[in-house]
Amino acid sequence: MSRKKKTIIVSNGVGLAAANLMFYIGVVAMVATLVLLFKNGKMGIAAYVAAALAVVGTAGGMMFAMVHVKCPHCHESLLQGTLLPLHLPKICPHCGQSTKE
């Protein structure tokens, strides 16, 4: 008995927007961690929560983009090997075709 793999289909624009949102929430959490650390001089529970949110947000945003933002032709990731860009490339770096959906 084989199981069907469930896939989440998102458009590249929505996927990139979601990834950017998660990434920037992580960046804000990093700043909050630094503020709490310098304000209190030690790591309290709020600083640990902010640090965990920072790691999950930034790493989660980049991984979400790598997995879900794909070329409509060759289905390769449009963001592999790069940091999270603010816009999609016009041409796929793998197959050379337009990334317009």
# chains A, B, ... in the order shown; residues from 1 in each chain; ligands from 1

$ residues_around --residues "A:Pro89" --least-positions-apart "4" --cutoff "9 Å" --atoms "only C-alpha atoms" --output "PDB file with C-alpha atoms, in the first residue's frame"
ATOM      1  CA  LEU A  78      14.917  29.462  -8.025  1.00  0.00           C
ATOM      2  CA  LEU A  79      16.696  30.442  -4.802  1.00  0.00           C
ATOM      3  CA  PRO A  85      16.099  37.836  -2.527  1.00  0.00           C
ATOM      4  CA  PRO A  93      19.326  29.705 -13.563  1.00  0.00           C
ATOM      5  CA  SER A  98      11.235  32.597 -18.233  1.00  0.00           C
ATOM      6  CA  THR A  99       9.961  32.201 -14.673  1.00  0.00           C
TER       7      THR A  99
END

$ residues_around --residues "stretch 56-69 of chain A" --least-positions-apart "3" --cutoff "7 Å" --atoms "only C-alpha atoms" --output "ChimeraX atom specification"
/A:10,12,15-16,19-20,22-23,25-27,52-53,77-80,84

$ write_last_selection --atoms "C-alpha atoms" --output "CSV table (one decimal), in the first residue's frame"
chain,number,residue,atom,x,y,z
A,10,VAL,CA,1.9,28.0,-3.8
A,12,ASN,CA,6.1,31.8,-6.6
A,15,GLY,CA,5.8,31.7,-1.6
A,16,LEU,CA,8.5,34.4,-1.8
A,19,ALA,CA,9.4,33.4,3.0
A,20,ASN,CA,10.3,37.1,3.3
A,22,MET,CA,9.2,34.7,8.1
A,23,PHE,CA,12.8,35.9,7.5
A,25,ILE,CA,10.2,38.4,11.6
A,26,GLY,CA,13.4,36.5,12.5
A,27,VAL,CA,15.5,39.6,11.9
A,52,ALA,CA,14.6,31.0,19.4
A,53,LEU,CA,12.1,32.9,17.3
A,77,SER,CA,14.4,25.9,-6.8
A,78,LEU,CA,14.9,29.5,-8.0
A,79,LEU,CA,16.7,30.4,-4.8
A,80,GLN,CA,19.3,27.7,-4.2
A,84,LEU,CA,16.6,35.4,0.4

$ residues_around --residues "A:Ala46" --least-positions-apart "3" --cutoff "12 Å" --atoms "only C-alpha atoms" --output "list in words"
Ala29, Met30, Ala32, Thr33, Leu34, Val35, Leu36, Leu37, Lys39, Asn40, Lys42, Met43, Val49, Ala50, Ala51, Ala52 and Leu53 of chain A

$ write_last_selection --atoms "all heavy atoms" --output "tab-separated table (two decimals), in the first residue's frame"
chain	number	residue	atom	x	y	z
A	29	ALA	N	13.25	39.64	15.60
A	29	ALA	CA	13.47	38.90	16.84
A	29	ALA	C	14.95	38.95	17.24
A	29	ALA	O	15.27	38.98	18.44
A	29	ALA	CB	13.00	37.47	16.69
A	30	MET	N	15.86	38.95	16.26
A	30	MET	CA	17.29	39.08	16.58
A	30	MET	C	17.57	40.42	17.24
A	30	MET	O	18.30	40.50	18.23
A	30	MET	CB	18.14	38.96	15.31
A	30	MET	CG	18.35	37.58	14.82
A	30	MET	SD	19.47	37.65	13.42
A	30	MET	CE	18.91	36.24	12.52
A	32	ALA	N	15.40	42.25	18.85
A	32	ALA	CA	14.78	42.21	20.18
A	32	ALA	C	15.67	41.45	21.17
A	32	ALA	O	15.79	41.85	22.34
A	32	ALA	CB	13.41	41.56	20.10
A	33	THR	N	16.29	40.38	20.72
A	33	THR	CA	17.20	39.62	21.58
A	33	THR	C	18.36	40.50	22.03
A	33	THR	O	18.72	40.51	23.21
A	33	THR	CB	17.75	38.38	20.85
A	33	THR	OG1	16.65	37.57	20.44
A	33	THR	CG2	18.67	37.57	21.74
A	34	LEU	N	18.95	41.24	21.09
A	34	LEU	CA	20.07	42.11	21.45
A	34	LEU	C	19.64	43.22	22.40
A	34	LEU	O	20.37	43.55	23.34
A	34	LEU	CB	20.69	42.70	20.18
A	34	LEU	CG	21.44	41.70	19.31
A	34	LEU	CD1	21.87	42.35	18.00
A	34	LEU	CD2	22.63	41.13	20.04
A	35	VAL	N	18.47	43.80	22.16
A	35	VAL	CA	17.97	44.85	23.05
A	35	VAL	C	17.76	44.30	24.46
A	35	VAL	O	18.18	44.91	25.45
A	35	VAL	CB	16.66	45.46	22.50
A	35	VAL	CG1	15.96	46.32	23.54
A	35	VAL	CG2	16.94	46.26	21.24
A	36	LEU	N	17.12	43.14	24.56
A	36	LEU	CA	16.90	42.54	25.88
A	36	LEU	C	18.21	42.17	26.56
A	36	LEU	O	18.36	42.34	27.78
A	36	LEU	CB	16.01	41.29	25.75
A	36	LEU	CG	14.55	41.56	25.41
A	36	LEU	CD1	13.85	40.26	25.05
A	36	LEU	CD2	13.86	42.25	26.56
A	37	LEU	N	19.17	41.70	25.79
A	37	LEU	CA	20.46	41.32	26.36
A	37	LEU	C	21.21	42.55	26.90
A	37	LEU	O	21.74	42.52	28.01
A	37	LEU	CB	21.31	40.59	25.31
A	37	LEU	CG	22.68	40.12	25.75
A	37	LEU	CD1	22.55	39.10	26.87
A	37	LEU	CD2	23.42	39.51	24.58
A	39	LYS	N	19.89	45.48	27.64
A	39	LYS	CA	19.11	46.17	28.66
A	39	LYS	C	19.28	45.50	30.03
A	39	LYS	O	19.45	46.17	31.04
A	39	LYS	CB	17.63	46.18	28.27
A	39	LYS	CG	16.73	46.89	29.25
A	39	LYS	CD	15.29	46.83	28.79
A	39	LYS	CE	14.39	47.46	29.83
A	39	LYS	NZ	12.98	47.28	29.49
A	40	ASN	N	19.21	44.18	30.06
A	40	ASN	CA	19.26	43.44	31.32
A	40	ASN	C	20.66	42.99	31.69
A	40	ASN	O	20.91	42.67	32.84
A	40	ASN	CB	18.34	42.22	31.26
A	40	ASN	CG	16.89	42.60	31.06
A	40	ASN	OD1	16.49	43.71	31.38
A	40	ASN	ND2	16.12	41.70	30.51
A	42	LYS	N	21.91	40.24	31.02
A	42	LYS	CA	21.93	38.79	31.06
A	42	LYS	C	20.77	38.26	30.22
A	42	LYS	O	19.86	38.99	29.86
A	42	LYS	CB	21.81	38.27	32.50
A	42	LYS	CG	20.53	38.69	33.18
A	42	LYS	CD	20.45	38.17	34.59
A	42	LYS	CE	19.12	38.69	35.18
A	42	LYS	NZ	18.74	37.99	36.34
A	43	MET	N	20.82	36.98	29.95
A	43	MET	CA	19.78	36.34	29.14
A	43	MET	C	18.64	35.90	30.05
A	43	MET	O	18.78	34.94	30.80
A	43	MET	CB	20.33	35.12	28.38
A	43	MET	CG	21.29	35.45	27.26
A	43	MET	SD	20.49	36.12	25.81
A	43	MET	CE	19.78	34.66	25.09
A	49	VAL	N	13.40	33.32	24.36
A	49	VAL	CA	12.27	33.16	23.44
A	49	VAL	C	12.52	33.95	22.16
A	49	VAL	O	12.28	33.46	21.05
A	49	VAL	CB	10.95	33.60	24.12
A	49	VAL	CG1	9.82	33.68	23.13
A	49	VAL	CG2	10.61	32.65	25.25
A	50	ALA	N	13.01	35.18	22.29
A	50	ALA	CA	13.30	36.00	21.12
A	50	ALA	C	14.41	35.38	20.27
A	50	ALA	O	14.34	35.38	19.04
A	50	ALA	CB	13.68	37.41	21.54
A	51	ALA	N	15.42	34.81	20.92
A	51	ALA	CA	16.50	34.16	20.18
A	51	ALA	C	16.00	32.93	19.43
A	51	ALA	O	16.38	32.69	18.28
A	51	ALA	CB	17.63	33.77	21.14
A	52	ALA	N	15.14	32.14	20.06
A	52	ALA	CA	14.58	30.96	19.39
A	52	ALA	C	13.71	31.38	18.21
A	52	ALA	O	13.79	30.78	17.13
A	52	ALA	CB	13.76	30.14	20.39
A	53	LEU	N	12.92	32.42	18.37
A	53	LEU	CA	12.10	32.93	17.28
A	53	LEU	C	12.98	33.45	16.14
A	53	LEU	O	12.65	33.28	14.97
A	53	LEU	CB	11.17	34.03	17.79
A	53	LEU	CG	10.19	34.60	16.77
A	53	LEU	CD1	9.22	33.53	16.29
A	53	LEU	CD2	9.41	35.74	17.39

$ atom_distance --atom1 "atom CA of A:Leu21" --atom2 "atom CA of A:Ile91"
23.6 Å
